[in-house]
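A.B. asks: To be precise about what I am sending: the file is called model-v4.txt and holds compact mmCIF, N, CA and C atoms.
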```txt
# COMPACT_ATOMS: atom_id res chain seq x y z
N MET A 101 10.08 44.76 3.98
CA MET A 101 10.57 43.68 4.83
C MET A 101 12.09 43.67 4.74
N THR A 102 12.74 43.52 5.86
CA THR A 102 14.20 43.52 5.87
C THR A 102 14.72 42.14 5.53
N ALA A 103 15.99 42.07 5.21
CA ALA A 103 16.59 40.79 4.86
C ALA A 103 16.59 39.84 6.05
N ALA A 104 16.76 40.39 7.26
CA ALA A 104 16.76 39.53 8.44
C ALA A 104 15.38 38.95 8.70
N ALA A 105 14.33 39.73 8.43
CA ALA A 105 12.97 39.25 8.66
C ALA A 105 12.57 38.22 7.61
N ALA A 106 13.17 38.31 6.43
CA ALA A 106 12.83 37.37 5.36
C ALA A 106 13.41 36.00 5.60
N GLY A 107 14.41 35.90 6.45
CA GLY A 107 15.02 34.60 6.71
C GLY A 107 16.18 34.37 5.78
N PRO A 108 16.80 33.20 5.88
CA PRO A 108 17.96 32.92 5.05
C PRO A 108 17.54 32.77 3.59
N PRO A 109 18.44 33.10 2.68
CA PRO A 109 18.10 32.94 1.26
C PRO A 109 17.87 31.47 0.95
N THR A 110 16.91 31.24 0.06
CA THR A 110 16.59 29.85 -0.26
C THR A 110 17.41 29.40 -1.46
N ASP A 111 17.98 28.25 -1.33
CA ASP A 111 18.73 27.60 -2.39
C ASP A 111 17.72 26.92 -3.31
N PRO A 112 17.87 26.98 -4.64
CA PRO A 112 16.90 26.36 -5.53
C PRO A 112 16.77 24.85 -5.31
N GLY A 113 17.72 24.25 -4.63
CA GLY A 113 17.64 22.81 -4.42
C GLY A 113 17.04 22.43 -3.08
N THR A 114 16.54 23.40 -2.31
CA THR A 114 16.03 23.09 -0.98
C THR A 114 14.63 22.51 -1.03
N SER A 115 14.25 21.86 0.04
CA SER A 115 12.93 21.25 0.10
C SER A 115 11.83 22.30 0.21
N GLU A 116 12.14 23.50 0.75
CA GLU A 116 11.13 24.56 0.81
C GLU A 116 10.71 24.97 -0.59
N GLU A 117 11.68 25.05 -1.48
CA GLU A 117 11.38 25.40 -2.87
C GLU A 117 10.55 24.30 -3.52
N ALA A 118 10.85 23.05 -3.21
CA ALA A 118 10.08 21.93 -3.74
C ALA A 118 8.66 21.96 -3.21
N GLN A 119 8.49 22.28 -1.92
CA GLN A 119 7.15 22.36 -1.34
C GLN A 119 6.36 23.51 -1.97
N ALA A 120 7.03 24.62 -2.24
CA ALA A 120 6.36 25.75 -2.88
C ALA A 120 5.89 25.37 -4.28
N LEU A 121 6.73 24.65 -5.00
CA LEU A 121 6.36 24.21 -6.35
C LEU A 121 5.18 23.25 -6.30
N ARG A 122 5.21 22.32 -5.34
CA ARG A 122 4.11 21.37 -5.19
C ARG A 122 2.82 22.09 -4.80
N SER A 123 2.91 23.07 -3.92
CA SER A 123 1.72 23.84 -3.51
C SER A 123 1.14 24.59 -4.70
N LEU A 124 2.00 25.16 -5.51
CA LEU A 124 1.55 25.86 -6.71
C LEU A 124 0.86 24.89 -7.67
N MET A 125 1.42 23.70 -7.83
CA MET A 125 0.82 22.72 -8.72
C MET A 125 -0.55 22.27 -8.19
N ARG A 126 -0.67 22.10 -6.88
CA ARG A 126 -1.96 21.71 -6.30
C ARG A 126 -3.00 22.82 -6.47
N ALA A 127 -2.60 24.07 -6.30
CA ALA A 127 -3.52 25.18 -6.51
C ALA A 127 -3.95 25.26 -7.97
N ASP A 128 -3.00 25.07 -8.87
CA ASP A 128 -3.34 25.08 -10.29
C ASP A 128 -4.22 23.90 -10.67
N LEU A 129 -4.06 22.77 -9.98
CA LEU A 129 -4.93 21.61 -10.22
C LEU A 129 -6.36 21.95 -9.85
N ARG A 130 -6.55 22.59 -8.69
CA ARG A 130 -7.91 22.98 -8.29
C ARG A 130 -8.51 23.94 -9.31
N ALA A 131 -7.72 24.91 -9.77
CA ALA A 131 -8.21 25.87 -10.75
C ALA A 131 -8.56 25.19 -12.07
N ALA A 132 -7.73 24.24 -12.49
CA ALA A 132 -7.99 23.52 -13.75
C ALA A 132 -9.23 22.64 -13.62
N MET A 133 -9.45 22.08 -12.45
CA MET A 133 -10.65 21.27 -12.24
C MET A 133 -11.90 22.14 -12.33
N LYS A 134 -11.84 23.34 -11.74
CA LYS A 134 -12.98 24.26 -11.82
C LYS A 134 -13.22 24.72 -13.24
N ALA A 135 -12.13 24.91 -13.99
CA ALA A 135 -12.23 25.35 -15.38
C ALA A 135 -12.54 24.19 -16.34
N ARG A 136 -12.53 22.97 -15.81
CA ARG A 136 -12.78 21.75 -16.60
C ARG A 136 -11.78 21.60 -17.75
N ASP A 137 -10.53 21.88 -17.43
CA ASP A 137 -9.45 21.75 -18.40
C ASP A 137 -8.85 20.35 -18.24
N ARG A 138 -9.31 19.42 -19.04
CA ARG A 138 -8.95 18.01 -18.88
C ARG A 138 -7.47 17.73 -19.03
N GLU A 139 -6.83 18.37 -20.00
CA GLU A 139 -5.41 18.10 -20.23
C GLU A 139 -4.56 18.53 -19.04
N VAL A 140 -4.83 19.72 -18.52
CA VAL A 140 -4.05 20.22 -17.39
C VAL A 140 -4.33 19.38 -16.15
N VAL A 141 -5.59 19.02 -15.93
CA VAL A 141 -5.93 18.18 -14.78
C VAL A 141 -5.21 16.85 -14.86
N SER A 142 -5.23 16.22 -16.01
CA SER A 142 -4.56 14.94 -16.19
C SER A 142 -3.06 15.04 -15.96
N ALA A 143 -2.45 16.07 -16.53
CA ALA A 143 -1.00 16.24 -16.40
C ALA A 143 -0.61 16.51 -14.95
N LEU A 144 -1.34 17.38 -14.28
CA LEU A 144 -0.99 17.71 -12.90
C LEU A 144 -1.24 16.54 -11.94
N ARG A 145 -2.33 15.82 -12.15
CA ARG A 145 -2.58 14.66 -11.29
C ARG A 145 -1.47 13.62 -11.43
N THR A 146 -1.08 13.36 -12.66
CA THR A 146 -0.03 12.38 -12.89
C THR A 146 1.30 12.85 -12.31
N ALA A 147 1.63 14.11 -12.50
CA ALA A 147 2.90 14.64 -12.00
C ALA A 147 2.92 14.65 -10.47
N LEU A 148 1.83 15.07 -9.85
CA LEU A 148 1.78 15.07 -8.39
C LEU A 148 1.83 13.65 -7.83
N GLY A 149 1.22 12.71 -8.53
CA GLY A 149 1.31 11.31 -8.12
C GLY A 149 2.73 10.79 -8.22
N ALA A 150 3.44 11.18 -9.27
CA ALA A 150 4.84 10.75 -9.42
C ALA A 150 5.71 11.34 -8.31
N ILE A 151 5.43 12.58 -7.93
CA ILE A 151 6.19 13.21 -6.85
C ILE A 151 5.89 12.49 -5.53
N ASP A 152 4.63 12.21 -5.28
CA ASP A 152 4.26 11.49 -4.06
C ASP A 152 4.92 10.11 -4.02
N ASN A 153 4.93 9.42 -5.14
CA ASN A 153 5.56 8.10 -5.20
C ASN A 153 7.07 8.18 -4.96
N ALA A 154 7.69 9.23 -5.46
CA ALA A 154 9.13 9.38 -5.28
C ALA A 154 9.48 9.66 -3.81
N GLU A 155 8.55 10.25 -3.07
CA GLU A 155 8.79 10.52 -1.66
C GLU A 155 8.52 9.32 -0.76
N ALA A 156 7.90 8.30 -1.30
CA ALA A 156 7.55 7.15 -0.49
C ALA A 156 8.80 6.45 0.05
N VAL A 157 8.66 5.90 1.21
CA VAL A 157 9.76 5.17 1.84
C VAL A 157 9.88 3.81 1.17
N GLN A 158 11.08 3.43 0.81
CA GLN A 158 11.29 2.15 0.16
C GLN A 158 11.11 1.03 1.17
N ALA A 159 10.48 -0.04 0.71
CA ALA A 159 10.26 -1.20 1.57
C ALA A 159 11.60 -1.89 1.85
N PRO A 160 11.77 -2.41 3.03
CA PRO A 160 13.02 -3.11 3.33
C PRO A 160 13.12 -4.39 2.52
N ASP A 161 14.33 -4.74 2.17
CA ASP A 161 14.56 -5.96 1.40
C ASP A 161 14.76 -7.14 2.34
N THR A 162 13.67 -7.74 2.77
CA THR A 162 13.76 -8.92 3.64
C THR A 162 13.30 -10.12 2.84
N PRO A 163 14.13 -11.13 2.73
CA PRO A 163 13.74 -12.32 1.99
C PRO A 163 12.55 -13.00 2.66
N ALA A 164 11.75 -13.66 1.86
CA ALA A 164 10.58 -14.36 2.38
C ALA A 164 11.01 -15.43 3.36
N GLY A 165 10.29 -15.56 4.43
CA GLY A 165 10.61 -16.58 5.41
C GLY A 165 11.58 -16.10 6.48
N GLN A 166 12.08 -14.88 6.38
CA GLN A 166 13.04 -14.35 7.35
C GLN A 166 12.36 -13.56 8.47
N GLU A 167 11.03 -13.38 8.39
CA GLU A 167 10.34 -12.61 9.41
C GLU A 167 10.25 -13.40 10.71
N SER A 168 10.14 -12.68 11.78
CA SER A 168 10.02 -13.30 13.09
C SER A 168 8.88 -12.64 13.84
N ALA A 169 8.14 -13.40 14.59
CA ALA A 169 7.06 -12.84 15.39
C ALA A 169 7.61 -12.04 16.56
N HIS A 170 8.83 -12.33 16.96
CA HIS A 170 9.43 -11.67 18.11
C HIS A 170 10.76 -11.04 17.67
N VAL A 171 10.72 -9.79 17.33
CA VAL A 171 11.90 -9.08 16.87
C VAL A 171 12.41 -8.21 18.00
N ALA A 172 13.69 -8.30 18.26
CA ALA A 172 14.29 -7.49 19.32
C ALA A 172 14.20 -6.02 18.96
N GLY A 173 13.73 -5.22 19.89
CA GLY A 173 13.65 -3.79 19.68
C GLY A 173 12.40 -3.34 18.96
N ALA A 174 11.52 -4.24 18.63
CA ALA A 174 10.30 -3.88 17.92
C ALA A 174 9.34 -3.18 18.87
N THR A 175 8.57 -2.26 18.34
CA THR A 175 7.58 -1.56 19.14
C THR A 175 6.21 -1.88 18.60
N SER A 176 5.21 -1.68 19.42
CA SER A 176 3.85 -1.89 18.97
C SER A 176 3.00 -0.74 19.43
N GLY A 177 1.85 -0.61 18.84
CA GLY A 177 0.94 0.45 19.22
C GLY A 177 0.75 1.44 18.09
N VAL A 178 -0.01 2.47 18.39
CA VAL A 178 -0.34 3.48 17.40
C VAL A 178 0.92 4.21 16.96
N GLY A 179 1.12 4.31 15.66
CA GLY A 179 2.25 5.05 15.11
C GLY A 179 3.55 4.28 15.06
N SER A 180 3.56 3.04 15.50
CA SER A 180 4.82 2.30 15.51
C SER A 180 5.28 1.92 14.12
N ALA A 181 4.39 1.90 13.17
CA ALA A 181 4.75 1.53 11.81
C ALA A 181 4.99 2.75 10.92
N GLU A 182 4.90 3.93 11.50
CA GLU A 182 5.09 5.14 10.72
C GLU A 182 6.56 5.35 10.40
N ALA A 183 6.82 5.81 9.21
CA ALA A 183 8.18 6.12 8.80
C ALA A 183 8.17 7.48 8.11
N ALA A 184 9.22 8.23 8.30
CA ALA A 184 9.31 9.53 7.66
C ALA A 184 9.48 9.36 6.16
N ARG A 185 8.79 10.21 5.41
CA ARG A 185 8.90 10.16 3.95
C ARG A 185 10.22 10.81 3.53
N ARG A 186 10.68 10.42 2.34
CA ARG A 186 11.89 11.04 1.80
C ARG A 186 11.60 12.51 1.49
N VAL A 187 12.59 13.34 1.61
CA VAL A 187 12.45 14.75 1.30
C VAL A 187 13.10 15.00 -0.05
N LEU A 188 12.31 15.49 -0.99
CA LEU A 188 12.83 15.78 -2.33
C LEU A 188 13.24 17.24 -2.41
N SER A 189 14.30 17.48 -3.14
CA SER A 189 14.72 18.85 -3.40
C SER A 189 13.97 19.37 -4.62
N ALA A 190 14.08 20.66 -4.85
CA ALA A 190 13.45 21.25 -6.04
C ALA A 190 14.06 20.65 -7.31
N ASP A 191 15.34 20.34 -7.26
CA ASP A 191 16.00 19.72 -8.42
C ASP A 191 15.40 18.33 -8.70
N ASP A 192 15.10 17.59 -7.62
CA ASP A 192 14.48 16.27 -7.78
C ASP A 192 13.10 16.40 -8.41
N VAL A 193 12.32 17.38 -7.94
CA VAL A 193 10.98 17.59 -8.48
C VAL A 193 11.05 18.00 -9.94
N CYS A 194 11.99 18.87 -10.27
CA CYS A 194 12.15 19.29 -11.67
C CYS A 194 12.57 18.12 -12.55
N ALA A 195 13.41 17.24 -12.03
CA ALA A 195 13.82 16.06 -12.79
C ALA A 195 12.61 15.15 -13.04
N LEU A 196 11.74 15.01 -12.04
CA LEU A 196 10.53 14.22 -12.24
C LEU A 196 9.62 14.86 -13.28
N LEU A 197 9.50 16.18 -13.23
CA LEU A 197 8.67 16.87 -14.23
C LEU A 197 9.26 16.71 -15.63
N ARG A 198 10.59 16.81 -15.74
CA ARG A 198 11.22 16.62 -17.06
C ARG A 198 10.95 15.21 -17.58
N ALA A 199 10.99 14.22 -16.70
CA ALA A 199 10.71 12.84 -17.11
C ALA A 199 9.27 12.71 -17.58
N GLN A 200 8.34 13.36 -16.90
CA GLN A 200 6.93 13.33 -17.29
C GLN A 200 6.75 13.98 -18.67
N ILE A 201 7.43 15.10 -18.89
CA ILE A 201 7.33 15.80 -20.17
C ILE A 201 7.90 14.94 -21.29
N THR A 202 9.07 14.35 -21.05
CA THR A 202 9.71 13.50 -22.05
C THR A 202 8.82 12.31 -22.39
N GLU A 203 8.22 11.72 -21.38
CA GLU A 203 7.34 10.58 -21.60
C GLU A 203 6.15 10.96 -22.48
N ARG A 204 5.56 12.12 -22.22
CA ARG A 204 4.41 12.57 -23.01
C ARG A 204 4.82 12.89 -24.45
N ARG A 205 5.95 13.54 -24.62
CA ARG A 205 6.40 13.89 -25.98
C ARG A 205 6.75 12.63 -26.78
N THR A 206 7.36 11.66 -26.14
CA THR A 206 7.69 10.40 -26.81
C THR A 206 6.42 9.67 -27.23
N GLU A 207 5.47 9.61 -26.31
CA GLU A 207 4.20 8.94 -26.61
C GLU A 207 3.44 9.69 -27.71
N ALA A 208 3.54 11.02 -27.72
CA ALA A 208 2.88 11.81 -28.76
C ALA A 208 3.46 11.48 -30.14
N GLU A 209 4.77 11.26 -30.20
CA GLU A 209 5.39 10.89 -31.48
C GLU A 209 4.86 9.54 -31.96
N VAL A 210 4.66 8.62 -31.03
CA VAL A 210 4.11 7.31 -31.39
C VAL A 210 2.71 7.47 -31.95
N TYR A 211 1.91 8.31 -31.30
CA TYR A 211 0.55 8.55 -31.79
C TYR A 211 0.55 9.23 -33.15
N GLU A 212 1.49 10.16 -33.36
CA GLU A 212 1.56 10.85 -34.65
C GLU A 212 1.90 9.89 -35.77
N THR A 213 2.83 8.97 -35.52
CA THR A 213 3.19 8.00 -36.56
C THR A 213 2.07 7.01 -36.80
N ALA A 214 1.21 6.82 -35.81
CA ALA A 214 0.07 5.92 -35.98
C ALA A 214 -1.14 6.64 -36.57
N GLY A 215 -1.01 7.93 -36.84
CA GLY A 215 -2.11 8.68 -37.45
C GLY A 215 -3.15 9.17 -36.45
N GLN A 216 -2.81 9.20 -35.17
CA GLN A 216 -3.73 9.66 -34.14
C GLN A 216 -3.36 11.09 -33.74
N ALA A 217 -3.69 12.04 -34.61
CA ALA A 217 -3.29 13.42 -34.39
C ALA A 217 -3.96 14.02 -33.15
N GLY A 218 -5.20 13.66 -32.87
CA GLY A 218 -5.90 14.19 -31.71
C GLY A 218 -5.24 13.79 -30.40
N ALA A 219 -4.90 12.52 -30.29
CA ALA A 219 -4.25 12.03 -29.07
C ALA A 219 -2.86 12.64 -28.93
N ALA A 220 -2.16 12.80 -30.04
CA ALA A 220 -0.83 13.41 -30.00
C ALA A 220 -0.91 14.86 -29.56
N ALA A 221 -1.90 15.59 -30.07
CA ALA A 221 -2.07 16.99 -29.68
C ALA A 221 -2.40 17.11 -28.20
N ARG A 222 -3.22 16.19 -27.68
CA ARG A 222 -3.57 16.20 -26.26
C ARG A 222 -2.32 16.01 -25.41
N LEU A 223 -1.46 15.06 -25.80
CA LEU A 223 -0.24 14.81 -25.05
C LEU A 223 0.73 15.99 -25.13
N HIS A 224 0.78 16.65 -26.27
CA HIS A 224 1.62 17.85 -26.39
C HIS A 224 1.11 18.96 -25.48
N ARG A 225 -0.22 19.13 -25.38
CA ARG A 225 -0.77 20.15 -24.48
C ARG A 225 -0.46 19.81 -23.03
N GLU A 226 -0.52 18.53 -22.66
CA GLU A 226 -0.18 18.12 -21.30
C GLU A 226 1.29 18.41 -21.01
N ALA A 227 2.17 18.10 -21.96
CA ALA A 227 3.60 18.36 -21.78
C ALA A 227 3.86 19.86 -21.65
N ASP A 228 3.16 20.66 -22.45
CA ASP A 228 3.32 22.11 -22.37
C ASP A 228 2.85 22.64 -21.01
N ALA A 229 1.77 22.07 -20.49
CA ALA A 229 1.25 22.49 -19.18
C ALA A 229 2.28 22.20 -18.08
N LEU A 230 2.95 21.06 -18.15
CA LEU A 230 3.97 20.73 -17.15
C LEU A 230 5.24 21.56 -17.35
N GLY A 231 5.52 21.91 -18.59
CA GLY A 231 6.72 22.69 -18.89
C GLY A 231 6.70 24.07 -18.26
N THR A 232 5.52 24.59 -17.99
CA THR A 232 5.45 25.93 -17.37
C THR A 232 6.04 25.92 -15.96
N TYR A 233 6.06 24.78 -15.29
CA TYR A 233 6.60 24.71 -13.92
C TYR A 233 8.13 24.63 -13.91
N LEU A 234 8.73 24.34 -15.04
CA LEU A 234 10.19 24.30 -15.11
C LEU A 234 10.77 25.68 -15.35
N THR A 235 9.98 26.60 -15.87
CA THR A 235 10.48 27.94 -16.19
C THR A 235 10.26 28.92 -15.06
N ARG A 236 9.63 28.49 -13.96
CA ARG A 236 9.34 29.41 -12.85
C ARG A 236 10.51 29.51 -11.91
```
For the file at hand, write its structure as structure tokens.

C.D. replies:
Amino acid sequence: MTAAAAGPPTDPGTSEEAQALRSLMRADLRAAMKARDREVVSALRTALGAIDNAEAVQAPDTPAGQESAHVAGATSGVGSAEAARRVLSADDVCALLRAQITERRTEAEVYETAGQAGAAARLHREADALGTYLTR
């Protein structure tokens, strides 16, 4: 394949790279579910949920009682309430994954100090499973 046919080079911070990472995580989730790997399934579900939540459109800050039944420029009908989701870059997705890993490692330390070695080991395995997506 020639360079022209491949398209422009992708920047690691582009949304295409983020979508590729998310697609890979979803494929790995399906594989982990088939393999019945609970730790990986739990980690990937939580991470994908965090990514989906980060893409959600923020609600407008309207004080209570300020709504009007007749708003100028308002539309009605199918799709009138639809809003485009935020687009995350690959750097944003990696930052979310790092936060998920940090959260699991911190919680694992709490479990270790409480004498819950099994729960701590489970959280470490979940953090390790998410860490593989940062090295790709």

A.B. asks: Just checking: using all atoms listed in the file, which residue out of A:Tyr233, A:Glu117, A:Ala217, A:Thr202 ends up closest to Leu188 in chain A?

C.D. replies: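 With all atoms listed in the file as the atom set, the closest residue is A:Glu117.
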
A.B. asks: Residues at most 6 Å from Arg186 in chain A, counting only N, CA and C atoms, excluding those fewer than 5 positions away in the same chain, as number ranges by chain?

C.D. replies: A: 155-157

A.B. asks: Return the single residue from A:Ile201, A:Ala118, A:Leu129, A:Ala208 that is closest to Ser142 in chain A, with distances computed using only C-alpha atoms.

C.D. replies: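 Between A:Ile201, A:Ala118, A:Leu129, A:Ala208, the residue approaching Ser142 in chain A most closely is A:Leu129.
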
A.B. asks: If we draw a sphere of 9 Å around (5.9, 19.3, -15.4), which residues have at least one atom in it when counting only C-alpha atoms? Please report them as a PDB file with N, CA and C atoms, keeping the file's coordinate frame.

C.D. replies:
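This went into out_26.pdb:
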```pdb
ATOM      1  N   ALA A 143      -2.450  16.070 -16.530  1.00  0.00           N
ATOM      2  CA  ALA A 143      -1.000  16.240 -16.400  1.00  0.00           C
ATOM      3  C   ALA A 143      -0.610  16.510 -14.950  1.00  0.00           C
ATOM      4  N   LEU A 144      -1.340  17.380 -14.280  1.00  0.00           N
ATOM      5  CA  LEU A 144      -0.990  17.710 -12.900  1.00  0.00           C
ATOM      6  C   LEU A 144      -1.240  16.540 -11.940  1.00  0.00           C
ATOM      7  N   ALA A 147       1.630  14.110 -12.500  1.00  0.00           N
ATOM      8  CA  ALA A 147       2.900  14.640 -12.000  1.00  0.00           C
ATOM      9  C   ALA A 147       2.920  14.650 -10.470  1.00  0.00           C
ATOM     10  N   VAL A 193      12.320  17.380  -7.940  1.00  0.00           N
ATOM     11  CA  VAL A 193      10.980  17.590  -8.480  1.00  0.00           C
ATOM     12  C   VAL A 193      11.050  18.000  -9.940  1.00  0.00           C
ATOM     13  N   CYS A 194      11.990  18.870 -10.270  1.00  0.00           N
ATOM     14  CA  CYS A 194      12.150  19.290 -11.670  1.00  0.00           C
ATOM     15  C   CYS A 194      12.570  18.120 -12.550  1.00  0.00           C
ATOM     16  N   ALA A 195      13.410  17.240 -12.030  1.00  0.00           N
ATOM     17  CA  ALA A 195      13.820  16.060 -12.790  1.00  0.00           C
ATOM     18  C   ALA A 195      12.610  15.150 -13.040  1.00  0.00           C
ATOM     19  N   LEU A 196      11.740  15.010 -12.040  1.00  0.00           N
ATOM     20  CA  LEU A 196      10.530  14.220 -12.240  1.00  0.00           C
ATOM     21  C   LEU A 196       9.620  14.860 -13.280  1.00  0.00           C
ATOM     22  N   LEU A 197       9.500  16.180 -13.230  1.00  0.00           N
ATOM     23  CA  LEU A 197       8.670  16.870 -14.230  1.00  0.00           C
ATOM     24  C   LEU A 197       9.260  16.710 -15.630  1.00  0.00           C
ATOM     25  N   ARG A 198      10.590  16.810 -15.740  1.00  0.00           N
ATOM     26  CA  ARG A 198      11.220  16.620 -17.060  1.00  0.00           C
ATOM     27  C   ARG A 198      10.950  15.210 -17.580  1.00  0.00           C
ATOM     28  N   ALA A 199      10.990  14.220 -16.700  1.00  0.00           N
ATOM     29  CA  ALA A 199      10.710  12.840 -17.110  1.00  0.00           C
ATOM     30  C   ALA A 199       9.270  12.710 -17.580  1.00  0.00           C
ATOM     31  N   GLN A 200       8.340  13.360 -16.900  1.00  0.00           N
ATOM     32  CA  GLN A 200       6.930  13.330 -17.290  1.00  0.00           C
ATOM     33  C   GLN A 200       6.750  13.980 -18.670  1.00  0.00           C
ATOM     34  N   ILE A 201       7.430  15.100 -18.890  1.00  0.00           N
ATOM     35  CA  ILE A 201       7.330  15.800 -20.170  1.00  0.00           C
ATOM     36  C   ILE A 201       7.900  14.940 -21.290  1.00  0.00           C
ATOM     37  N   GLU A 226      -0.520  18.530 -22.660  1.00  0.00           N
ATOM     38  CA  GLU A 226      -0.180  18.120 -21.300  1.00  0.00           C
ATOM     39  C   GLU A 226       1.290  18.410 -21.010  1.00  0.00           C
ATOM     40  N   ALA A 227       2.170  18.100 -21.960  1.00  0.00           N
ATOM     41  CA  ALA A 227       3.600  18.360 -21.780  1.00  0.00           C
ATOM     42  C   ALA A 227       3.860  19.860 -21.650  1.00  0.00           C
ATOM     43  N   ASP A 228       3.160  20.660 -22.450  1.00  0.00           N
ATOM     44  CA  ASP A 228       3.320  22.110 -22.370  1.00  0.00           C
ATOM     45  C   ASP A 228       2.850  22.640 -21.010  1.00  0.00           C
ATOM     46  N   ALA A 229       1.770  22.070 -20.490  1.00  0.00           N
ATOM     47  CA  ALA A 229       1.250  22.490 -19.180  1.00  0.00           C
ATOM     48  C   ALA A 229       2.280  22.200 -18.080  1.00  0.00           C
ATOM     49  N   LEU A 230       2.950  21.060 -18.150  1.00  0.00           N
ATOM     50  CA  LEU A 230       3.970  20.730 -17.150  1.00  0.00           C
ATOM     51  C   LEU A 230       5.240  21.560 -17.350  1.00  0.00           C
ATOM     52  N   GLY A 231       5.520  21.910 -18.590  1.00  0.00           N
ATOM     53  CA  GLY A 231       6.720  22.690 -18.890  1.00  0.00           C
ATOM     54  C   GLY A 231       6.700  24.070 -18.260  1.00  0.00           C
ATOM     55  N   THR A 232       5.520  24.590 -17.990  1.00  0.00           N
ATOM     56  CA  THR A 232       5.450  25.930 -17.370  1.00  0.00           C
ATOM     57  C   THR A 232       6.040  25.920 -15.960  1.00  0.00           C
ATOM     58  N   TYR A 233       6.060  24.780 -15.290  1.00  0.00           N
ATOM     59  CA  TYR A 233       6.600  24.710 -13.920  1.00  0.00           C
ATOM     60  C   TYR A 233       8.130  24.630 -13.910  1.00  0.00           C
ATOM     61  N   LEU A 234       8.730  24.340 -15.040  1.00  0.00           N
ATOM     62  CA  LEU A 234      10.190  24.300 -15.110  1.00  0.00           C
ATOM     63  C   LEU A 234      10.770  25.680 -15.350  1.00  0.00           C
TER      64      LEU A 234
END
```

A.B. asks: Provide the atom C of Lys134 in chain A to atom N of Arg225 in chain A distance in Å, to one decimal place.

C.D. replies: 18.6 Å

A.B. asks: Kindly list the centre and edge lengths in Å, rounded to one decimal, for the axis-aligned box that covers all listed atoms of range 147-161 of chain A plus 6 Å on each of its six sides, as lines of an AutoDock Vina configuration file.

C.D. replies:
```
center_x = 8.0
center_y = 4.0
center_z = -4.6
size_x = 25.5
size_y = 34.2
size_z = 27.8
```

A.B. asks: Would you work out the distance separating CA of Arg145 in chain A from CA of Thr235 in chain A, expressed in Å to one decimal?

C.D. replies: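 Taking CA of Arg145 in chain A as the start and CA of Thr235 in chain A as the end point, the length is 19.3 Å.
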
A.B. asks: Pick from A:Ala120, A:Ala190, A:Ala183, A:Glu209: nearest to Ala221 in chain A, with all atoms listed in the file counted?

C.D. replies: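 Selected residue with least distance to Ala221 in chain A: A:Glu209.
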
A.B. asks: Under the rule that only C-alpha atoms are counted, which of A:Ala150, A:Glu139, A:Leu124, A:Arg205 is the nearest residue to Asp192 in chain A?

C.D. replies: A:Ala150

A.B. asks: Quick one: of A:Ala131, A:Val187, A:Val141, A:Ala219, who's nearest to Ser115 in chain A, counting all atoms listed in the file?

C.D. replies: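 Among the listed residues, the smallest separation from Ser115 in chain A belongs to A:Val187.
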
A.B. asks: Calculate how many Å separate CA of Ala135 in chain A from CA of Leu148 in chain A, rounding to one decimal.

C.D. replies: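 Computed distance, CA of Ala135 in chain A to CA of Leu148 in chain A, equals 18.7 Å.
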
A.B. asks: From the options A:Val140, A:Leu223, A:Ala132, A:Ala154, which residue's atoms come nearest to Thr206 in chain A, counting only N, CA and C atoms?

C.D. replies: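 Closest residue, counting only N, CA and C atoms: A:Leu223.
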